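A short write-up of the structure that comes next.
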Amino acid sequence: MPSTHQRRALTCAVTLALLGAGLPSMAAAAADRLDRPDLSRFYDQKIDWSDCEGDGVPEDLQCGKVTVPLDYARPAEGTLDLAMARFRAAGGSRGSVLLNFGGPGGPGVGQLAAGGEDFMGLTEGYDVVTFDPRGVGRSSPVSCGEGTEEALDATAPDVDDKGDDPRASLDLLRKVAAACAEHSGPVLPHIGTVNASRDLDVMRQALGDKKLNYLGFSYGTRLGAVYAAQFPKKTGRLVLDGVDTLIEPVSEQGIAGAEGQQTALEDFLNWCVEDINCAFGQDARSAREGVVQLVGSLDENPVPTDFGEQFSGQDLVGAIGQALYSKELWPTLSHALSSLVQDGDTRGIMGFSMGFSMGGSTMPGDGGLVDEGDIPLDNLPAALMAVNCADDPDRPSADQVTEDIDTLRAEYEHASPVFGEYRLTQVLMCYGRPKGTTYIREDVRDVDTPKMLLVGTRGDPATPYRWTVQTARRLGSSAVVLDNKGEGHTGYMSSKCVHRKIDAFLLHGSLPDDGSSCGPEE
């Protein structure tokens with residue numbers, strides 16, 4: 001567009017020279033508009049809401065869908081339907097607040113149906129809305145078929161023991177990537193946070209909102225940050241709780257995750273040893289050593305389960321990691337560990353395992369919503385791999401992996417003697433897939449938006465507090481940090497103080513001071 005000086009010249013017709021100088025700029029702008037894909041049919045749609053179906057679904061939960069392009073650069077070449085759900089505002093509605101519960105790979109509709117009571121305070125001003133992102137839940141779900149189990153086998157900690165060449169695992173991962181493409185259909189090349197953010201903007205318009213009001217948890221904070229970078233003038237009140245990194249490569253994310261889980265485990269053990277029934281005694285240092293010994297013992301000699309499978313030390317590590325997501329689970333975790341140590345009973349601890357079964361053969365092809373019963377059982381891990389790999393541009397070669405694996409193993413084990421080996425598998429997960437976008441790492445920064453609230457929890461096992469500080473600096477002066485000095489992953493559901501401050505911001509625009517804090521919950 002012409003500068004202010006040029007516009008005045010055009011209006012006043014001071015000289016023909018200035019008029020001529022403005023014409024190329026105007027022509028370029030017109031040509032740019034012609035080159036842009038026409039998305040009007042997506043932005044002109046309205047959502048047709050109706051009562052949600054299914055057993056146990058809240059009576060006041062409404063369901064609908066929005067249609068988005070499969071490929072935003074070529075919108076005429078296919079579409080996707082995205083499943084949506086909402087609780088209507090209790091009184092007069094000022095619009096909507098959109099929720100993303102994280103993952104990536106977590107379906108929003110089911111989570112709002114199951115946990116909607118946590119968000120009823122927001123219905124005092126908003127319709128509370130969520131969705132299944134592209135590739136997730138009922139929205140053209142991705143799957144790897146048997147490849148998901150093969151991926152976990154290929155990246156299991158014991159496949160790259162010292163002295164072993166990881167190339168066999170890498171060859172298997174390349175075959176897994178091909179299986180994921182075969183089972184997922186046309187959505188797989190177009191999955192990822194950059195396109196999910198564009199989907200958010202279509203939803204915003206379909207909901208009738210001039211600006212997006214948003215509450216994102218964990219991975220949902222990455223999605224919110226990308227939206228703020230892509231659509232700064234459409235950004236309303238954004239809350240990011242359990243803040244993800246925007247800049248660290250997968251290898252560094254794994255180390256940070258191991259450190260976070262180690263800190264959460266030590267906090268749990270400090271609490272556990274105060275109880276005479278703690279499986280590891282009443283001394284915190286001995287308890288930490290006891291956990292390491294138990295993991296090693298089970299890796300060497302797995303114990304049988306009621307399902308006929310073997311329960312290893314790495315199975316135990318995964319189960320403990322899940323239990324540490326919420327401080328409310330600590331008593332149950334302590335009891336389960338006591339049963340395992342004293343009686344060899346795996347039932348309690350296996351209850352925390354985040355298991356899955358192989359995906360079915362269903363391959364969504366037309367972009368329409370799939371029935372609940374047709375969602376592949378491996379959709380969550382398949383979508384998690386797909387989105388994280390689409391968001392990450394790094395693809396080390398087989399030679400690089402082979403050269404670096406011992407150094408990485410030492411760094412991971414230093415970060416956590418319990419979780420380091422388990423988290424090392426992240427480094428290999430994207431091998432064999434196309435390189436992901438550089439947009440998040442390079443361009444999501446210094447956003448020109450209204451103030452947004454970032455919440456970091458000191459005892460978070462998944463998104464360490466330093467990521468909150470790091471991302472706030474990356475986003476620039478718009479970011480306001482709330483320091484939650486509690487335990488568990490995210491703060492909204494576990495801290496009454498965080499819950500109040502988030503609601504106050506979303507409902508009334510009342511922000512806490514940057515760097516202010518919420519104390520630990522008793």
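Each chain in the structure tokens gets a letter, A, B, ..., in the order shown, and its residues are numbered from 1; ligands are numbered from 1 in order too.
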As a list of chain:residue names, list the residues of segment 204-375 of chain A assigned to strand (DSSP E or B) by DSSP on the backbone atoms of this structure.
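Of segment 204-375 of chain A, only A:Leu212, A:Asn213, A:Tyr214, A:Leu215, A:Gly216, A:Phe217, A:Thr235, A:Gly236, A:Arg237, A:Leu238, A:Val239, A:Leu240, A:Asp241, A:Val303, A:Pro304, A:Gln310, A:Phe311 fall in strand (DSSP E or B).
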Can you list, as a list in words, every protein, DNA or RNA residue that comes within 6 Å of segment 183-198 of chain A when you count only C-alpha atoms, leaving out same-chain residues fewer than 3 positions away?
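Listed by chain and then number, they are Val142, Ser143, Cys144, Cys180, Asp201, Leu223, Tyr227, Met363, Gly365, Val387 and Ala390 of chain A.
With only C-alpha atoms taken into account, the protein and nucleic acid residues at most 9 Å from segment 509-516 of chain A (excluding it and anything under 6 positions from it in its own chain) are Arg237, Lys451, Met452, Leu453, Ala479, Val480, Val481, Leu482, Asp483, Asn484, Lys501, Ile502 and Asp503 of chain A.
Shortest atom-to-atom contact with Leu98 of chain A among A:Ala181, A:Leu506, A:Leu324, A:Leu269: A:Leu506, counting only C-alpha atoms.
In this comparison, which uses only C-alpha atoms, the residue of A:Leu200, A:Leu61, A:Val68, A:Val498 approaching Gly116 of chain A most closely is A:Leu61.
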